[in-house]
file entry_6.csv (CSV, C-alpha atoms)
chain,number,residue,atom,x,y,z
A,1,MET,CA,19.6,13.0,177.0
A,2,ARG,CA,17.9,10.6,179.4
A,3,ILE,CA,14.4,9.8,178.2
A,4,GLY,CA,11.8,7.8,180.1
A,5,VAL,CA,9.1,6.1,178.1
A,6,LEU,CA,5.7,5.3,179.7
A,7,GLY,CA,4.3,2.5,177.7
A,8,SER,CA,5.5,-0.3,175.5
A,9,GLY,CA,3.2,0.0,172.5
A,10,ASN,CA,3.7,1.1,168.9
A,11,MET,CA,4.3,4.8,169.6
A,12,ALA,CA,6.8,4.0,172.3
A,13,ASP,CA,8.6,1.6,169.8
A,14,ALA,CA,8.7,4.1,166.9
A,15,LEU,CA,9.9,7.2,168.8
A,16,ALA,CA,12.2,5.5,171.2
A,17,THR,CA,14.0,3.7,168.3
A,18,HIS,CA,14.8,7.1,166.8
A,19,TRP,CA,16.1,8.5,170.0
A,20,VAL,CA,18.3,5.5,170.9
A,21,ARG,CA,19.7,5.7,167.3
A,22,ALA,CA,20.4,9.4,167.9
A,23,GLY,CA,22.5,8.6,171.0
A,24,HIS,CA,20.1,9.2,173.8
A,25,GLU,CA,19.7,6.9,176.8
A,26,VAL,CA,16.1,5.5,177.0
A,27,LEU,CA,14.3,3.5,179.7
A,28,VAL,CA,11.1,1.8,178.5
A,29,GLY,CA,8.7,1.4,181.4
A,30,GLY,CA,5.4,-0.5,181.6
A,31,ARG,CA,3.0,-2.0,184.1
A,32,ASP,CA,3.9,-5.3,182.3
A,33,GLU,CA,7.6,-5.3,182.7
A,34,GLY,CA,7.9,-8.4,180.4
A,35,ARG,CA,6.5,-6.3,177.5
A,36,ALA,CA,8.8,-3.4,178.4
A,37,ARG,CA,11.7,-5.9,178.4
A,38,GLY,CA,10.7,-7.3,175.0
A,39,LEU,CA,10.4,-3.8,173.5
A,40,ALA,CA,13.7,-2.7,174.8
A,41,ALA,CA,15.3,-5.8,173.4
A,42,ARG,CA,13.8,-5.2,170.0
A,43,ILE,CA,14.9,-1.6,169.9
A,44,GLY,CA,18.4,-2.6,171.0
A,45,GLU,CA,18.7,-5.3,168.3
A,46,GLY,CA,17.2,-3.0,165.7
A,47,VAL,CA,19.6,-0.1,166.4
A,48,GLY,CA,22.6,-2.3,167.2
A,49,VAL,CA,23.2,-0.9,170.7
A,50,GLY,CA,26.5,-2.1,172.1
A,51,GLY,CA,26.5,-3.9,175.4
A,52,GLY,CA,23.0,-5.2,175.2
A,53,VAL,CA,19.8,-4.2,177.0
A,54,ARG,CA,20.0,-3.4,180.7
A,55,ALA,CA,17.4,-3.6,183.4
A,56,GLY,CA,16.7,-0.7,185.8
A,57,VAL,CA,18.5,2.6,185.9
A,58,GLY,CA,22.1,1.6,186.7
A,59,GLY,CA,25.1,1.2,184.5
A,60,GLY,CA,26.4,2.8,181.4
A,61,VAL,CA,26.3,6.2,179.7
A,62,GLY,CA,25.7,7.2,176.1
A,63,GLY,CA,23.0,5.9,173.7
A,64,GLY,CA,21.3,2.8,174.9
A,65,VAL,CA,18.0,1.2,176.0
A,66,ARG,CA,16.9,-0.4,179.2
A,67,HIS,CA,13.6,-1.4,180.8
A,68,GLY,CA,11.8,-1.2,184.1
A,69,SER,CA,8.6,-0.1,185.7
A,70,LEU,CA,6.6,3.0,184.9
A,71,ARG,CA,8.0,4.6,188.0
A,72,ALA,CA,11.5,3.7,187.0
A,73,ALA,CA,11.0,5.4,183.6
A,74,ALA,CA,9.5,8.5,185.2
A,75,GLY,CA,12.4,8.8,187.6
A,76,PHE,CA,15.0,8.1,184.9
A,77,GLY,CA,14.2,10.7,182.3
A,78,GLU,CA,14.7,14.4,182.2
A,79,VAL,CA,12.2,14.0,179.4
A,80,VAL,CA,9.3,11.5,179.7
A,81,LEU,CA,7.2,10.4,176.8
A,82,ALA,CA,3.6,9.4,177.7
A,83,ALA,CA,3.0,6.9,175.0
A,84,LEU,CA,-0.3,5.8,176.5
A,85,PRO,CA,-3.9,6.0,175.3
A,86,TYR,CA,-6.1,8.9,176.2
A,87,GLY,CA,-7.3,8.6,179.8
A,88,VAL,CA,-4.6,6.0,180.7
A,89,GLY,CA,-1.9,8.7,180.6
A,90,GLN,CA,-3.8,10.8,183.2
A,91,GLU,CA,-4.4,7.7,185.4
A,92,VAL,CA,-0.7,6.8,185.3
A,93,ALA,CA,0.4,10.4,185.9
A,94,ARG,CA,-1.7,10.6,189.1
A,95,GLU,CA,-0.2,7.3,190.2
A,96,LEU,CA,3.3,8.5,189.7
A,97,GLY,CA,2.7,11.8,191.5
A,98,ALA,CA,5.9,13.7,192.4
A,99,ALA,CA,8.0,11.4,190.3
A,100,LEU,CA,7.1,13.6,187.3
A,101,ASP,CA,7.8,16.9,189.0
A,102,ALA,CA,10.0,19.2,186.9
A,103,LYS,CA,10.1,16.6,184.1
A,104,VAL,CA,9.3,17.5,180.5
A,105,LEU,CA,6.3,15.3,179.8
A,106,ILE,CA,5.4,14.7,176.1
A,107,ASP,CA,1.8,13.9,175.3
A,108,CYS,CA,1.2,12.2,171.9
A,109,SER,CA,-2.3,10.9,172.7
A,110,ASN,CA,-5.4,11.5,170.6
A,111,PRO,CA,-8.8,11.6,172.3
A,112,VAL,CA,-10.6,10.3,169.2
A,113,GLY,CA,-13.4,7.8,169.6
A,114,PRO,CA,-16.0,6.0,167.4
A,115,GLY,CA,-17.2,8.0,164.4
A,116,PHE,CA,-13.9,10.0,164.7
A,117,ARG,CA,-15.5,12.0,167.5
A,118,LEU,CA,-13.4,14.1,169.8
A,119,LEU,CA,-13.8,12.6,173.3
A,120,THR,CA,-12.9,15.7,175.2
A,121,ASP,CA,-16.4,17.1,174.2
A,122,GLY,CA,-15.3,20.7,174.1
A,123,GLY,CA,-13.7,20.6,177.6
A,124,PRO,CA,-10.0,20.7,178.4
A,125,SER,CA,-7.7,19.0,175.9
A,126,ALA,CA,-6.1,15.6,176.6
A,127,ALA,CA,-2.8,17.5,177.1
A,128,GLN,CA,-4.4,19.9,179.6
A,129,ARG,CA,-5.9,17.0,181.5
A,130,LEU,CA,-2.5,15.3,181.6
A,131,ALA,CA,-1.0,18.5,182.9
A,132,ALA,CA,-3.7,18.7,185.6
A,133,ALA,CA,-2.9,15.1,186.6
A,134,ALA,CA,0.8,15.9,186.8
A,135,PRO,CA,0.9,19.5,188.0
A,136,GLY,CA,4.6,19.5,188.6
A,137,ALA,CA,5.5,18.5,185.1
A,138,ARG,CA,6.1,20.7,182.0
A,139,VAL,CA,3.7,19.2,179.4
A,140,VAL,CA,4.3,19.5,175.7
A,141,LYS,CA,1.9,18.2,173.0
A,142,ALA,CA,3.7,16.7,170.1
A,143,PHE,CA,3.8,13.7,167.7
A,144,ASN,CA,0.0,13.2,167.6
A,145,LEU,CA,-0.9,13.9,164.0
A,146,CYS,CA,0.5,10.8,162.3
A,147,HIS,CA,0.1,7.0,162.5
A,148,GLU,CA,3.0,5.2,164.2
A,149,ASP,CA,4.1,3.7,160.9
A,150,VAL,CA,5.0,7.3,159.8
A,151,TRP,CA,7.1,7.7,162.9
A,152,ARG,CA,8.9,4.4,162.1
A,153,MET,CA,10.2,5.9,158.8
A,154,ASN,CA,13.9,6.8,158.9
A,155,PRO,CA,13.4,9.7,158.3
A,156,PRO,CA,9.8,10.7,157.7
A,157,VAL,CA,10.4,12.6,154.4
A,158,PHE,CA,7.8,13.1,151.7
A,159,ASP,CA,8.7,14.6,148.3
A,160,ALA,CA,12.1,15.6,149.6
A,161,ARG,CA,10.5,17.6,152.4
A,162,PRO,CA,10.9,16.5,156.1
A,163,LEU,CA,7.6,16.1,158.0
A,164,SER,CA,6.8,19.1,160.2
A,165,VAL,CA,5.7,18.5,163.8
A,166,PRO,CA,3.7,21.2,165.6
A,167,LEU,CA,4.4,21.6,169.3
A,168,CYS,CA,2.2,23.2,172.0
A,169,GLY,CA,3.5,24.0,175.4
A,170,ASP,CA,4.1,26.8,177.9
A,171,ASP,CA,7.6,26.3,179.1
A,172,PRO,CA,10.3,27.6,176.7
A,173,ALA,CA,13.1,25.2,178.0
A,174,ALA,CA,10.8,22.2,177.7
A,175,LEU,CA,9.8,23.2,174.2
A,176,ALA,CA,13.5,23.6,173.3
A,177,LEU,CA,14.3,20.0,174.4
A,178,VAL,CA,11.3,18.6,172.5
A,179,ARG,CA,12.4,20.5,169.4
A,180,ASP,CA,15.7,18.7,169.6
A,181,LEU,CA,13.9,15.4,169.9
A,182,VAL,CA,11.7,16.2,166.9
A,183,ARG,CA,14.9,16.9,164.8
A,184,ASP,CA,16.4,13.6,166.0
A,185,VAL,CA,13.4,11.8,164.4
A,186,GLY,CA,14.3,13.6,161.2
A,187,CYS,CA,11.4,16.1,161.3
A,188,GLU,CA,11.1,19.9,161.6
A,189,PRO,CA,9.5,21.4,164.7
A,190,VAL,CA,6.8,24.0,164.3
A,191,THR,CA,5.6,26.4,167.0
A,192,GLY,CA,2.0,25.7,167.7
A,193,GLY,CA,1.5,28.1,170.6
A,194,GLY,CA,0.8,27.5,174.3
A,195,LEU,CA,-0.7,24.4,175.9
A,196,GLU,CA,-4.1,26.0,175.6
A,197,ARG,CA,-3.9,25.4,171.8
A,198,ALA,CA,-3.2,21.7,172.2
A,199,GLY,CA,-6.9,21.0,171.8
A,200,LEU,CA,-6.6,22.4,168.3
A,201,LEU,CA,-4.0,19.8,167.5
A,202,GLU,CA,-6.2,17.1,168.9
A,203,ALA,CA,-9.2,18.3,166.9
A,204,THR,CA,-7.0,18.5,163.8
A,205,ALA,CA,-6.1,14.8,164.3
A,206,ALA,CA,-9.8,13.9,164.6
A,207,LEU,CA,-10.5,15.7,161.4
A,208,PHE,CA,-7.5,14.2,159.5
A,209,ILE,CA,-8.2,10.7,160.7
A,210,GLY,CA,-11.8,11.0,159.6
A,211,LEU,CA,-10.7,12.2,156.2
A,212,TRP,CA,-8.0,9.6,155.8
A,213,VAL,CA,-9.8,6.6,157.2
A,214,GLY,CA,-13.5,7.5,156.8
A,215,GLU,CA,-13.4,9.2,153.4
A,216,GLY,CA,-10.2,7.9,151.8
A,217,ALA,CA,-9.3,11.6,151.2
A,218,ASP,CA,-5.9,13.2,151.1
A,219,ALA,CA,-6.0,15.6,154.1
A,220,GLN,CA,-2.9,17.4,152.9
A,221,ALA,CA,-4.8,18.5,149.8
A,222,ILE,CA,-7.2,20.7,151.8
A,223,ALA,CA,-4.5,23.4,152.5
A,224,PRO,CA,-3.1,25.7,149.8
A,225,PRO,CA,0.6,26.3,149.5
A,226,LEU,CA,2.0,28.9,152.0
A,227,ALA,CA,2.2,31.6,149.4
A,228,TYR,CA,-1.6,31.5,148.9
A,229,ALA,CA,-2.6,30.9,152.5
A,230,THR,CA,-3.2,34.5,153.4
A,231,GLY,CA,-4.5,35.6,150.0
A,232,LEU,CA,-1.1,36.4,148.6
A,233,SER,CA,0.2,35.0,145.3
A,234,PRO,CA,3.8,34.0,144.6
call {"tool": "encode", "arguments": {"input": "entry_6.csv", "output": "structure tokens"}}
result
Amino acid sequence: MRIGVLGSGNMADALATHWVRAGHEVLVGGRDEGRARGLAARIGEGVGVGGGVRAGVGGGVGGGVRHGSLRAAAGFGEVVLAALPYGVGQEVARELGAALDAKVLIDCSNPVGPGFRLLTDGGPSAAQRLAAAAPGARVVKAFNLCHEDVWRMNPPVFDARPLSVPLCGDDPAALALVRDLVRDVGCEPVTGGGLERAGLLEATAALFIGLWVGEGADAQAIAPPLAYATGLSP
């Protein structure tokens, strides 16, 4: 699969590394192409990609990593990861315009501000705002519930159970592609509903971050095992 990555930060690093390792062709794009080049080089060295890191969209097939501009990344990928802070993703999507048309656009942002407050203020979710900024794209919300260091794990498995990743989106084909990419990270995809439910994922992240960071609490402990979740007993 050809994957464009918008951004050269920690989430771009963590997820793109898994996908290159799984055999996908990735182009890391950034406003600062020097940072994009550096990230692509680190991913290539870490994964041991043969043939080195390439610039632009030419050359080679099979798993590998290259670098370029944000527009190059958008044009390159059938799937595009928006690994950008809340608000910045919308700005970049508007700038890219038709370059994102028909692309599967993954939103992993969290609109969480000081005091673990949800910055969307009860309005459209970050994912819905990204979709409005890129009306021709097929947006899927995913990978927003964990710190980037969790996504760096190979694989993210806890007590012999792979991490589950909820997905929200409206396009069945787009969801199918993202499910495959979740499995390539070593996780299990979970159906979270349509894009209108993405705000629930973002609110969950705000709650969990507040519990983890603000209270030092184990957020996982607030939910009972599945057998008890609806009042049933095993």
call {"tool": "atom_distance", "arguments": {"input": "entry_6.csv", "atom1": "atom CA of Ser69 of chain A", "atom2": "atom CA of Leu27 of chain A"}}
result
9.0 Å
call {"tool": "atom_distance", "arguments": {"input": "entry_6.csv", "atom1": "atom CA of Gly23 of chain A", "atom2": "atom CA of Met1 of chain A"}}
result
8.0 Å
call {"tool": "atom_distance", "arguments": {"input": "entry_6.csv", "atom1": "atom CA of Gln90 of chain A", "atom2": "atom CA of Pro111 of chain A"}}
result
12.0 Å
call {"tool": "residues_around", "arguments": {"input": "entry_6.csv", "residues": "Gly169 of chain A", "least_positions_apart": "3", "cutoff": "7 Å", "atoms": "only C-alpha atoms", "output": "list in words"}}
result
Val139, Val140, Lys141, Leu175, Gly193, Gly194 and Leu195 of chain A
call {"tool": "residues_around", "arguments": {"input": "entry_6.csv", "residues": "Glu196 of chain A", "least_positions_apart": "3", "cutoff": "9 Å", "atoms": "all atoms listed in the file", "output": "JSON, numbers by chain"}}
result
{"A": [124, 125, 127, 128, 168, 169, 170, 193, 199, 200]}
call {"tool": "closest_residue", "arguments": {"input": "entry_6.csv", "among": "A:Ser109, A:Thr120, A:Ser8, A:Thr17", "to": "Ala73 of chain A", "atoms": "all atoms listed in the file"}}
result
A:Ser8
call {"tool": "closest_residue", "arguments": {"input": "entry_6.csv", "among": "A:Val185, A:Met153, A:Ile222, A:Ala99", "to": "His24 of chain A", "atoms": "all atoms listed in the file"}}
result
A:Val185
call {"tool": "residues_around", "arguments": {"input": "entry_6.csv", "residues": "Glu148 of chain A", "least_positions_apart": "6", "cutoff": "7 Å", "atoms": "all atoms listed in the file", "output": "list in words"}}
result
Asn10, Met11 and Ala14 of chain A
call {"tool": "closest_residue", "arguments": {"input": "entry_6.csv", "among": "A:Val182, A:Pro155, A:Gly9, A:Ala219", "to": "Pro85 of chain A", "atoms": "only C-alpha atoms"}}
result
A:Gly9
call {"tool": "closest_residue", "arguments": {"input": "entry_6.csv", "among": "A:Pro135, A:Gly87, A:Gly34, A:Gly63", "to": "Asn110 of chain A", "atoms": "all atoms listed in the file"}}
result
A:Gly87
call {"tool": "closest_residue", "arguments": {"input": "entry_6.csv", "among": "A:Pro162, A:Gly38, A:Gly64, A:Gly89", "to": "Ala134 of chain A", "atoms": "only C-alpha atoms"}}
result
A:Gly89
call {"tool": "residues_around", "arguments": {"input": "entry_6.csv", "residues": "Pro166 of chain A", "least_positions_apart": "3", "cutoff": "6 Å", "atoms": "only C-alpha atoms", "output": "PyMOL selection string"}}
result
chain A and resi 189-192
call {"tool": "closest_residue", "arguments": {"input": "entry_6.csv", "among": "A:Gly46, A:Arg152, A:Arg31, A:Gly216", "to": "Glu95 of chain A", "atoms": "all atoms listed in the file"}}
result
A:Arg31
call {"tool": "residues_near_point", "arguments": {"input": "entry_6.csv", "point": "(8.6, -0.9, 184.8)", "cutoff": "10 Å", "atoms": "all atoms listed in the file", "output": "compact mmCIF listing (two decimals) with C-alpha atoms, keeping the file's coordinate frame"}}
result
# COMPACT_ATOMS: atom_id res chain seq x y z
CA VAL A 5 9.10 6.10 178.10
CA LEU A 6 5.70 5.30 179.70
CA GLY A 7 4.30 2.50 177.70
CA SER A 8 5.50 -0.30 175.50
CA LEU A 27 14.30 3.50 179.70
CA VAL A 28 11.10 1.80 178.50
CA GLY A 29 8.70 1.40 181.40
CA GLY A 30 5.40 -0.50 181.60
CA ARG A 31 3.00 -2.00 184.10
CA ASP A 32 3.90 -5.30 182.30
CA GLU A 33 7.60 -5.30 182.70
CA GLY A 34 7.90 -8.40 180.40
CA ARG A 35 6.50 -6.30 177.50
CA ALA A 36 8.80 -3.40 178.40
CA ARG A 37 11.70 -5.90 178.40
CA ALA A 55 17.40 -3.60 183.40
CA GLY A 56 16.70 -0.70 185.80
CA HIS A 67 13.60 -1.40 180.80
CA GLY A 68 11.80 -1.20 184.10
CA SER A 69 8.60 -0.10 185.70
CA LEU A 70 6.60 3.00 184.90
CA ARG A 71 8.00 4.60 188.00
CA ALA A 72 11.50 3.70 187.00
CA ALA A 73 11.00 5.40 183.60
CA ALA A 74 9.50 8.50 185.20
